[in-house]
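See below for target-v4.txt, which holds compact mmCIF, C-alpha atoms.
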# COMPACT_ATOMS: atom_id res chain seq x y z
CA MET A 1 -34.33 -221.68 2.80
CA ILE A 2 -34.91 -222.39 6.49
CA ARG A 3 -32.22 -223.05 9.08
CA ASN A 4 -33.06 -224.34 12.54
CA TYR A 5 -31.31 -223.58 15.80
CA LYS A 6 -31.91 -223.85 19.52
CA LEU A 7 -30.41 -222.48 22.73
CA LEU A 8 -28.25 -225.09 24.42
CA ASN A 9 -26.16 -224.12 27.43
CA GLU A 10 -26.60 -220.43 26.51
CA LYS A 11 -25.22 -221.04 23.01
CA ILE A 12 -26.92 -221.07 19.62
CA THR A 13 -26.71 -224.60 18.25
CA GLU A 14 -27.97 -225.98 14.94
CA CYS A 15 -30.63 -228.66 15.35
CA PRO A 16 -33.43 -230.55 13.55
CA SER A 17 -36.60 -228.61 12.76
CA SER A 18 -38.59 -230.58 15.36
CA GLU A 19 -36.37 -229.23 18.17
CA SER A 20 -35.81 -225.71 16.92
CA THR A 21 -36.71 -222.60 18.87
CA ILE A 22 -34.90 -220.27 16.46
CA GLN A 23 -35.67 -220.36 12.75
CA VAL A 24 -33.73 -218.33 10.19
CA ILE A 25 -35.78 -217.95 7.02
CA ILE A 26 -33.77 -216.71 4.05
CA SER A 27 -35.53 -215.15 1.07
CA PRO A 28 -38.69 -217.26 1.37
CA ASP A 29 -40.54 -218.17 -1.81
CA ASP A 30 -44.32 -217.92 -2.22
CA ILE A 31 -44.92 -221.41 -0.81
CA GLU A 32 -42.84 -220.72 2.30
CA LYS A 33 -44.55 -217.37 2.77
CA ARG A 34 -47.98 -218.94 2.55
CA GLN A 35 -46.93 -221.57 5.07
CA LEU A 36 -45.76 -218.92 7.53
CA ILE A 37 -48.95 -216.93 7.09
CA ASP A 38 -51.29 -219.92 7.46
CA GLU A 39 -49.51 -221.87 10.21
CA LEU A 40 -47.94 -219.13 12.34
CA LYS A 41 -50.48 -216.41 11.53
CA LEU A 42 -47.88 -213.91 10.37
CA ASP A 43 -49.30 -210.78 8.80
CA GLU A 44 -48.67 -210.91 5.04
CA HIS A 45 -47.86 -207.20 4.78
CA THR A 46 -45.42 -207.37 7.71
CA LEU A 47 -43.76 -210.46 6.25
CA ASN A 48 -43.27 -208.74 2.89
CA SER A 49 -41.98 -205.65 4.70
CA SER A 50 -39.26 -207.79 6.27
CA LEU A 51 -37.82 -208.27 2.77
CA ASP A 52 -38.34 -204.68 1.58
CA PRO A 53 -35.18 -202.52 1.85
CA ASP A 54 -37.27 -199.33 1.79
CA GLU A 55 -39.45 -200.31 4.74
CA LEU A 56 -39.04 -198.30 7.95
CA SER A 57 -38.27 -199.93 11.27
CA ARG A 58 -41.38 -200.64 13.29
CA LEU A 59 -42.88 -202.68 16.13
CA GLU A 60 -46.24 -204.44 15.99
CA PHE A 61 -48.12 -206.54 18.51
CA GLU A 62 -50.07 -209.49 17.13
CA PRO A 63 -52.31 -211.89 19.11
CA ARG A 64 -49.74 -214.72 19.11
CA HIS A 65 -46.43 -212.91 18.61
CA ILE A 66 -44.52 -209.65 18.53
CA ALA A 67 -43.25 -208.50 15.12
CA LEU A 68 -40.51 -205.99 14.57
CA ILE A 69 -38.56 -204.84 11.53
CA TYR A 70 -35.17 -203.19 11.83
CA LYS A 71 -32.60 -201.89 9.36
CA ARG A 72 -29.13 -203.27 8.76
CA PRO A 73 -26.38 -202.25 6.34
CA LYS A 74 -25.12 -204.25 3.41
CA ASN A 75 -22.58 -203.59 0.68
CA PHE A 76 -21.88 -205.02 -2.72
CA MET A 77 -19.76 -204.40 -5.80
CA TYR A 78 -21.36 -202.74 -8.83
CA GLU A 79 -19.20 -202.38 -11.94
CA GLY A 80 -16.07 -202.24 -9.81
CA LYS A 81 -17.52 -199.71 -7.35
CA ILE A 82 -18.38 -200.34 -3.72
CA VAL A 83 -22.02 -199.42 -3.14
CA PHE A 84 -23.39 -199.26 0.40
CA LYS A 85 -27.06 -200.16 0.69
CA ILE A 86 -29.67 -200.86 3.36
CA ALA A 87 -31.63 -204.06 4.01
CA SER A 88 -34.52 -204.91 6.31
CA THR A 89 -34.73 -207.82 8.74
CA GLY A 90 -37.87 -209.18 10.38
CA LEU A 91 -37.96 -210.64 13.89
CA TYR A 92 -41.07 -212.49 15.10
CA LEU A 93 -41.01 -213.34 18.80
CA PHE A 94 -43.41 -216.04 19.97
CA GLN A 95 -43.74 -217.44 23.48
CA ASP A 96 -41.35 -220.28 22.70
CA LYS A 97 -39.89 -219.42 19.30
CA LEU A 98 -38.05 -216.66 17.42
CA LEU A 99 -38.31 -216.30 13.64
CA ILE A 100 -35.66 -214.31 11.77
CA VAL A 101 -36.58 -213.36 8.19
CA LEU A 102 -33.75 -212.25 5.89
CA SER A 103 -33.66 -211.20 2.25
CA GLU A 104 -30.21 -212.74 1.66
CA ASP A 105 -28.02 -215.48 3.04
CA ILE A 106 -25.55 -213.83 5.40
CA PRO A 107 -23.76 -214.93 8.59
CA ILE A 108 -25.84 -213.54 11.45
CA PHE A 109 -24.42 -215.30 14.52
CA ASP A 110 -20.76 -214.60 13.74
CA ASN A 111 -20.26 -211.87 16.34
CA LYS A 112 -18.95 -212.32 19.88
CA LEU A 113 -22.31 -210.96 21.08
CA PHE A 114 -23.80 -214.39 20.42
CA LEU A 115 -21.28 -216.37 22.47
CA LYS A 116 -23.69 -216.19 25.38
CA VAL A 117 -27.44 -215.89 24.77
CA LEU A 118 -29.69 -216.22 27.81
CA SER A 119 -33.13 -216.16 26.21
CA LEU A 120 -35.05 -215.44 23.01
CA PRO A 121 -35.72 -211.77 23.98
CA ASP A 122 -32.00 -211.48 24.72
CA LEU A 123 -31.23 -212.83 21.24
CA LEU A 124 -33.70 -210.37 19.72
CA LEU A 125 -31.91 -207.44 21.36
CA LYS A 126 -28.49 -208.75 20.37
CA MET A 127 -29.61 -209.03 16.75
CA ILE A 128 -30.39 -205.32 16.76
CA ASN A 129 -27.15 -204.58 18.60
CA ARG A 130 -25.21 -206.53 15.95
CA SER A 131 -26.77 -204.29 13.32
CA ILE A 132 -25.55 -201.16 15.14
CA PHE A 133 -21.99 -202.51 15.27
CA HIS A 134 -22.31 -203.36 11.57
CA PHE A 135 -23.30 -199.75 10.84
CA LEU A 136 -20.27 -198.50 12.81
CA GLU A 137 -17.94 -200.79 10.86
CA HIS A 138 -19.34 -199.48 7.57
CA LEU A 139 -19.06 -195.88 8.71
CA ARG A 140 -15.36 -196.33 9.44
CA THR A 141 -14.92 -198.00 6.05
CA ILE A 142 -16.72 -195.12 4.33
CA ASN A 143 -14.48 -192.64 6.16
CA MET A 144 -11.31 -194.46 5.01
CA ILE A 145 -12.54 -194.63 1.41
CA SER A 146 -13.44 -190.93 1.57
CA GLU A 147 -9.91 -190.01 2.69
CA GLU A 148 -8.36 -192.10 -0.09
CA LEU A 149 -10.62 -190.47 -2.68
CA GLU A 150 -9.76 -187.03 -1.31
CA ASP A 151 -6.05 -187.66 -1.85
CA LYS A 152 -6.69 -188.86 -5.40
CA ILE A 153 -8.95 -185.91 -6.21
CA ASN A 154 -6.21 -183.49 -5.13
CA THR A 155 -3.92 -184.81 -7.88
CA SER A 156 -6.37 -186.08 -10.50
CA MET A 157 -8.77 -184.56 -13.02
CA GLU A 158 -10.92 -187.67 -13.47
CA ASN A 159 -14.60 -187.43 -12.62
CA SER A 160 -14.74 -191.06 -11.45
CA TYR A 161 -13.23 -190.25 -8.05
CA LEU A 162 -15.65 -187.39 -7.54
CA LEU A 163 -18.60 -189.58 -8.56
CA ASN A 164 -17.49 -192.21 -6.03
CA LEU A 165 -17.47 -189.47 -3.41
CA PHE A 166 -21.04 -188.50 -4.35
CA THR A 167 -22.02 -192.18 -3.98
CA LEU A 168 -20.56 -192.27 -0.47
CA GLY A 169 -22.48 -189.12 0.44
CA LYS A 170 -25.70 -190.66 -0.80
CA SER A 171 -25.00 -193.84 1.18
CA LEU A 172 -24.50 -191.80 4.35
CA VAL A 173 -27.90 -190.16 3.88
CA TYR A 174 -29.53 -193.61 3.70
CA TYR A 175 -27.53 -194.71 6.74
CA LEU A 176 -28.67 -191.69 8.75
CA ASN A 177 -32.29 -192.41 7.92
CA SER A 178 -31.95 -196.11 8.81
CA ILE A 179 -30.10 -195.52 12.09
CA ASN A 180 -32.70 -192.95 13.09
CA SER A 181 -35.46 -195.42 12.19
CA ASN A 182 -33.80 -198.06 14.39
CA GLY A 183 -33.64 -195.49 17.19
CA VAL A 184 -37.40 -194.98 17.01
CA LEU A 185 -37.86 -198.76 17.18
CA LEU A 186 -35.63 -199.02 20.25
CA GLU A 187 -37.61 -196.30 22.02
CA LYS A 188 -40.81 -198.23 21.33
CA LEU A 189 -39.22 -201.36 22.76
CA ARG A 190 -38.31 -199.46 25.92
CA LEU A 191 -41.81 -198.01 26.30
CA ASN A 192 -43.41 -201.43 25.81
CA ASN A 193 -40.89 -203.49 27.77
CA ALA A 194 -43.51 -204.80 30.20
CA LYS A 195 -45.71 -205.91 27.34
CA ILE A 196 -42.81 -207.71 25.69
CA GLY A 197 -41.60 -209.27 28.94
CA PHE A 198 -38.02 -208.04 29.23
CA ASN A 199 -36.33 -208.83 32.54
CA GLN A 200 -34.02 -206.41 34.36
CA GLN A 201 -30.87 -207.64 32.62
CA GLU A 202 -32.50 -207.33 29.21
CA LEU A 203 -33.69 -203.82 30.07
CA GLU A 204 -30.13 -202.82 30.93
CA LEU A 205 -28.97 -204.27 27.60
CA LEU A 206 -31.70 -202.32 25.81
CA GLU A 207 -30.51 -199.09 27.47
CA ASP A 208 -26.94 -199.80 26.33
CA ILE A 209 -28.16 -200.49 22.79
CA ILE A 210 -30.04 -197.17 22.71
CA ILE A 211 -26.88 -195.34 23.77
CA ASP A 212 -24.81 -197.18 21.12
CA ASN A 213 -27.39 -196.35 18.46
CA ASN A 214 -27.36 -192.66 19.39
CA GLN A 215 -23.57 -192.59 19.19
CA CYS A 216 -23.73 -194.37 15.84
CA TYR A 217 -26.19 -191.75 14.56
CA LYS A 218 -23.95 -188.89 15.73
CA GLU A 219 -20.94 -190.46 14.02
CA ALA A 220 -22.86 -190.92 10.76
CA GLU A 221 -24.10 -187.33 11.02
CA ILE A 222 -20.56 -185.99 11.46
CA TYR A 223 -19.26 -187.96 8.47
CA SER A 224 -22.22 -186.87 6.35
CA ASN A 225 -21.81 -183.18 7.25
CA ILE A 226 -18.07 -183.22 6.58
CA LEU A 227 -18.56 -184.97 3.25
CA ALA A 228 -21.34 -182.60 2.19
CA SER A 229 -19.47 -179.44 3.21
CA LEU A 230 -16.30 -180.45 1.35
CA MET A 231 -18.04 -181.76 -1.78
CA ASP A 232 -18.11 -178.39 -3.58
CA ALA A 233 -14.52 -177.66 -2.59
CA ARG A 234 -13.35 -181.00 -3.97
CA ALA A 235 -15.27 -180.39 -7.19
CA SER A 236 -13.48 -177.05 -7.48
CA ILE A 237 -10.15 -178.82 -7.00
CA VAL A 238 -10.83 -180.96 -10.06
CA GLY A 239 -11.60 -177.81 -12.09
CA ASN A 240 -8.51 -176.07 -10.73
CA ASN A 241 -6.33 -179.07 -11.65
CA LEU A 242 -7.66 -178.83 -15.20
CA ASN A 243 -6.88 -175.11 -15.33
CA VAL A 244 -3.32 -175.73 -14.14
CA LEU A 245 -2.85 -178.41 -16.79
CA MET A 246 -4.21 -176.14 -19.55
CA LYS A 247 -1.91 -173.35 -18.39
CA THR A 248 1.09 -175.69 -18.54
CA LEU A 249 0.10 -176.91 -22.00
CA ASN A 250 -0.29 -173.30 -23.21
CA ILE A 251 3.17 -172.43 -21.93
CA ILE A 252 4.66 -175.42 -23.73
CA THR A 253 2.72 -174.70 -26.93
CA ILE A 254 3.63 -171.02 -27.09
CA GLY A 255 7.20 -171.78 -26.06
CA ILE A 256 7.47 -174.11 -29.08
CA MET A 257 5.63 -171.82 -31.51
CA VAL A 258 7.84 -168.73 -30.93
CA PRO A 259 11.17 -170.28 -32.04
CA THR A 260 9.32 -172.19 -34.76
CA PHE A 261 8.15 -168.86 -36.19
CA VAL A 262 11.71 -167.50 -36.17
CA VAL A 263 13.12 -170.56 -37.91
CA SER A 264 10.23 -170.63 -40.41
CA ALA A 265 10.81 -166.98 -41.35
CA PHE A 266 14.44 -167.71 -42.26
CA SER A 267 13.56 -170.89 -44.15
CA MET A 268 11.23 -169.29 -46.70
CA ASN A 269 12.04 -169.92 -50.34
CA VAL A 270 12.93 -166.24 -51.01
CA HIS A 271 16.00 -164.05 -50.80
CA ILE A 272 16.66 -163.43 -47.09
CA PRO A 273 19.45 -161.83 -45.13
CA LEU A 274 22.36 -163.95 -43.86
CA GLU A 275 21.99 -166.54 -46.59
CA ASP A 276 25.58 -165.91 -47.72
CA TYR A 277 27.08 -165.96 -44.23
CA PRO A 278 28.82 -169.21 -43.15
CA PHE A 279 27.50 -168.97 -39.57
CA SER A 280 23.92 -168.11 -40.51
CA PHE A 281 22.55 -171.39 -39.05
CA TRP A 282 23.92 -170.63 -35.57
CA ILE A 283 22.80 -167.02 -35.79
CA ILE A 284 19.25 -168.16 -36.53
CA MET A 285 19.37 -170.67 -33.65
CA ALA A 286 20.53 -167.85 -31.38
CA PHE A 287 17.57 -165.71 -32.49
CA ALA A 288 15.26 -168.65 -31.73
CA ALA A 289 16.77 -169.10 -28.26
CA ILE A 290 16.50 -165.36 -27.56
CA SER A 291 12.84 -165.41 -28.64
CA VAL A 292 12.14 -168.24 -26.18
CA MET A 293 13.85 -166.41 -23.33
CA GLY A 294 12.02 -163.23 -24.25
CA PHE A 295 8.69 -165.07 -24.15
CA PHE A 296 9.33 -166.56 -20.70
CA PHE A 297 10.50 -163.18 -19.38
CA PHE A 298 7.29 -161.59 -20.66
CA TRP A 299 5.23 -164.43 -19.11
CA LYS A 300 6.89 -163.98 -15.72
CA LYS A 301 6.49 -160.21 -15.81
CA LYS A 302 2.75 -160.52 -16.48
CA LYS A 303 2.48 -163.20 -13.75
CA TRP A 304 0.24 -165.36 -15.91

If you convert what's in this file into structure tokens, what do you get?
Amino acid sequence: MIRNYKLLNEKITECPSSESTIQVIISPDDIEKRQLIDELKLDEHTLNSSLDPDELSRLEFEPRHIALIYKRPKNFMYEGKIVFKIASTGLYLFQDKLLIVLSEDIPIFDNKLFLKVLSLPDLLLKMINRSIFHFLEHLRTINMISEELEDKINTSMENSYLLNLFTLGKSLVYYLNSINSNGVLLEKLRLNNAKIGFNQQELELLEDIIIDNNQCYKEAEIYSNILASLMDARASIVGNNLNVLMKTLNIITIGIMVPTFVVSAFSMNVHIPLEDYPFSFWIIMAFAAISVMGFFFFWKKKKW
């Protein structure tokens, strides 16, 4: 799928393909890939890397264009669980055109960053900046989910909450790697700014993006360290909750068994004392009650 846009009065406007200067290519098939490779001379490996979620961010200079791949976050539901994953996006900057290659159909110009776009290099930088803000939004979501899971783990013995916590920790590791990879890409953009043709305003934007990315990395690192350091403690909480439950069940079981033994002893089909007494039933109940109180007194004294 290909969508065509152009810059009109510093805004991104949809237009016919003949007028487009911005093309968004979504999950291209083999025919579309071959067309891009043959007509625009895109490198086949780089094009495939744009759709590979495991590909690292990188910058490459081709004879007719500049190619860069950066990482962005995505999330989806899997069997009722929120799973945070990473996707790659390819940007191909020509002299008069910008190609954006995506692996899925998502809104990409929905942020206030794109209300005013001065040039194609400016749009390229804002695409990366949008990804950083997207990472920050996901990090805050992960933090909120982590706090909710922590509260549930404190009162629950189910492994599902703990497994969800492990999933969040794994997602944070992927996020750290991706944000760091984007940071390397941004440094390369700064070092090669003259080659790319950034003006002074775009250079200032690039510096701001680098600072935002570093802050994003620090925030992800803090969340990851906190989650990792508390993981063992939260696992111990689940085990401790189980021990408390077993202790409570043992108290109830023994508390029931002691008077049951007393009553059973007096209900045997043999000659027993008190069988001729009119108040024998209440005497036996009193023995049962005394046995229960004696058991609880013994339990408290031993501090079990």

Calculated over all atoms listed in the file, which of the candidates A:Leu227, A:Leu186, A:Leu245, A:Leu113 has the smallest distance to Phe166 (chain A)?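 Once distances to Phe166 (chain A) are computed over all atoms listed in the file, the minimum belongs to A:Leu227.
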
Which residue gives the smallest distance to Ser49 (chain A) among A:Met257, A:Leu125, A:Leu165, A:Val101, with all atoms listed in the file counted? A:Val101

Quick one: everything within 9 Å of region 201-218 of chain A, counting all atoms listed in the file, minus sequence neighbours fewer than 4 positions away in the same chain. Send it as a list in words.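 Within the cut-off, the hits are Pro121, Asp122, Leu125, Lys126, Ile128, Asn129, Ile132, Phe133, Phe135, Leu136, Leu139, Tyr175, Leu176, Ile179, Asn180, Asn182, Gly183, Leu186, Glu187, Leu189, Arg190, Asn193, Ile222 and Tyr223 of chain A.
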
When you count all atoms listed in the file, which of these residues is closest to Phe94 (chain A): A:Leu59, A:Ile26, A:Val262, A:Ile196? A:Ile196

Which of these residues is nearest to Leu98 (chain A), using all atoms listed in the file: A:Arg64, A:Lys33, A:Lys71, A:Lys195?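 The closest residue to Leu98 (chain A) is A:Arg64.
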
Rank A:Ser229, A:Leu102, A:Ser20, A:Ile254 by their smallest atom-to-atom distance to Phe298 (chain A), using all atoms listed in the file, and report the top residue only.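 Under the stated criterion, the closest residue is A:Ile254.
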
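You will find CA of Glu14 (chain A) at 18.8 Å from CA of Tyr92 (chain A).
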
Step by step: start from the point (-42.6, -197.2, 9.4) in the file's coordinates, keep every protein, DNA or RNA residue that has an atom no farther than 10 Å from it, count all atoms listed in the file, and write the set as a list in words. Ser49, Asp54, Glu55, Leu56, Ser57, Arg58, Leu59, Ile69, Tyr70, Ser181, Val184 and Leu185 of chain A

Residue selection dump (C-alpha atoms) as a PDB file, in the frame of the given file:
ATOM      1  CA  SER A  49     -41.980-205.650   4.700  1.00  0.00           C
ATOM      2  CA  ASP A  54     -37.270-199.330   1.790  1.00  0.00           C
ATOM      3  CA  GLU A  55     -39.450-200.310   4.740  1.00  0.00           C
ATOM      4  CA  LEU A  56     -39.040-198.300   7.950  1.00  0.00           C
ATOM      5  CA  SER A  57     -38.270-199.930  11.270  1.00  0.00           C
ATOM      6  CA  ARG A  58     -41.380-200.640  13.290  1.00  0.00           C
ATOM      7  CA  LEU A  59     -42.880-202.680  16.130  1.00  0.00           C
ATOM      8  CA  ILE A  69     -38.560-204.840  11.530  1.00  0.00           C
ATOM      9  CA  TYR A  70     -35.170-203.190  11.830  1.00  0.00           C
ATOM     10  CA  SER A 181     -35.460-195.420  12.190  1.00  0.00           C
ATOM     11  CA  VAL A 184     -37.400-194.980  17.010  1.00  0.00           C
ATOM     12  CA  LEU A 185     -37.860-198.760  17.180  1.00  0.00           C
TER      13      LEU A 185
END

Given all atoms listed in the file as the basis, pick out the residue of A:Ser171, A:Ser88, A:Asn9, A:Asn177 nearest to Ser27 (chain A). A:Ser88

Please identify all polymer residues within 6 Å of Leu91 (chain A), counting all atoms listed in the file, omitting same-chain residues fewer than 5 positions from it, and present them as a PyMOL selection string. chain A and resi 67-68+99-100

Can you tell me how far CA of Val24 (chain A) sits from CA of Thr141 (chain A), in Å to one decimal? 28.0 Å

Gap from CA of Ser103 (chain A) to CA of Ile2 (chain A) - Å, one decimal: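 So the two atoms, CA of Ser103 (chain A) and CA of Ile2 (chain A), lie 12.0 Å apart.
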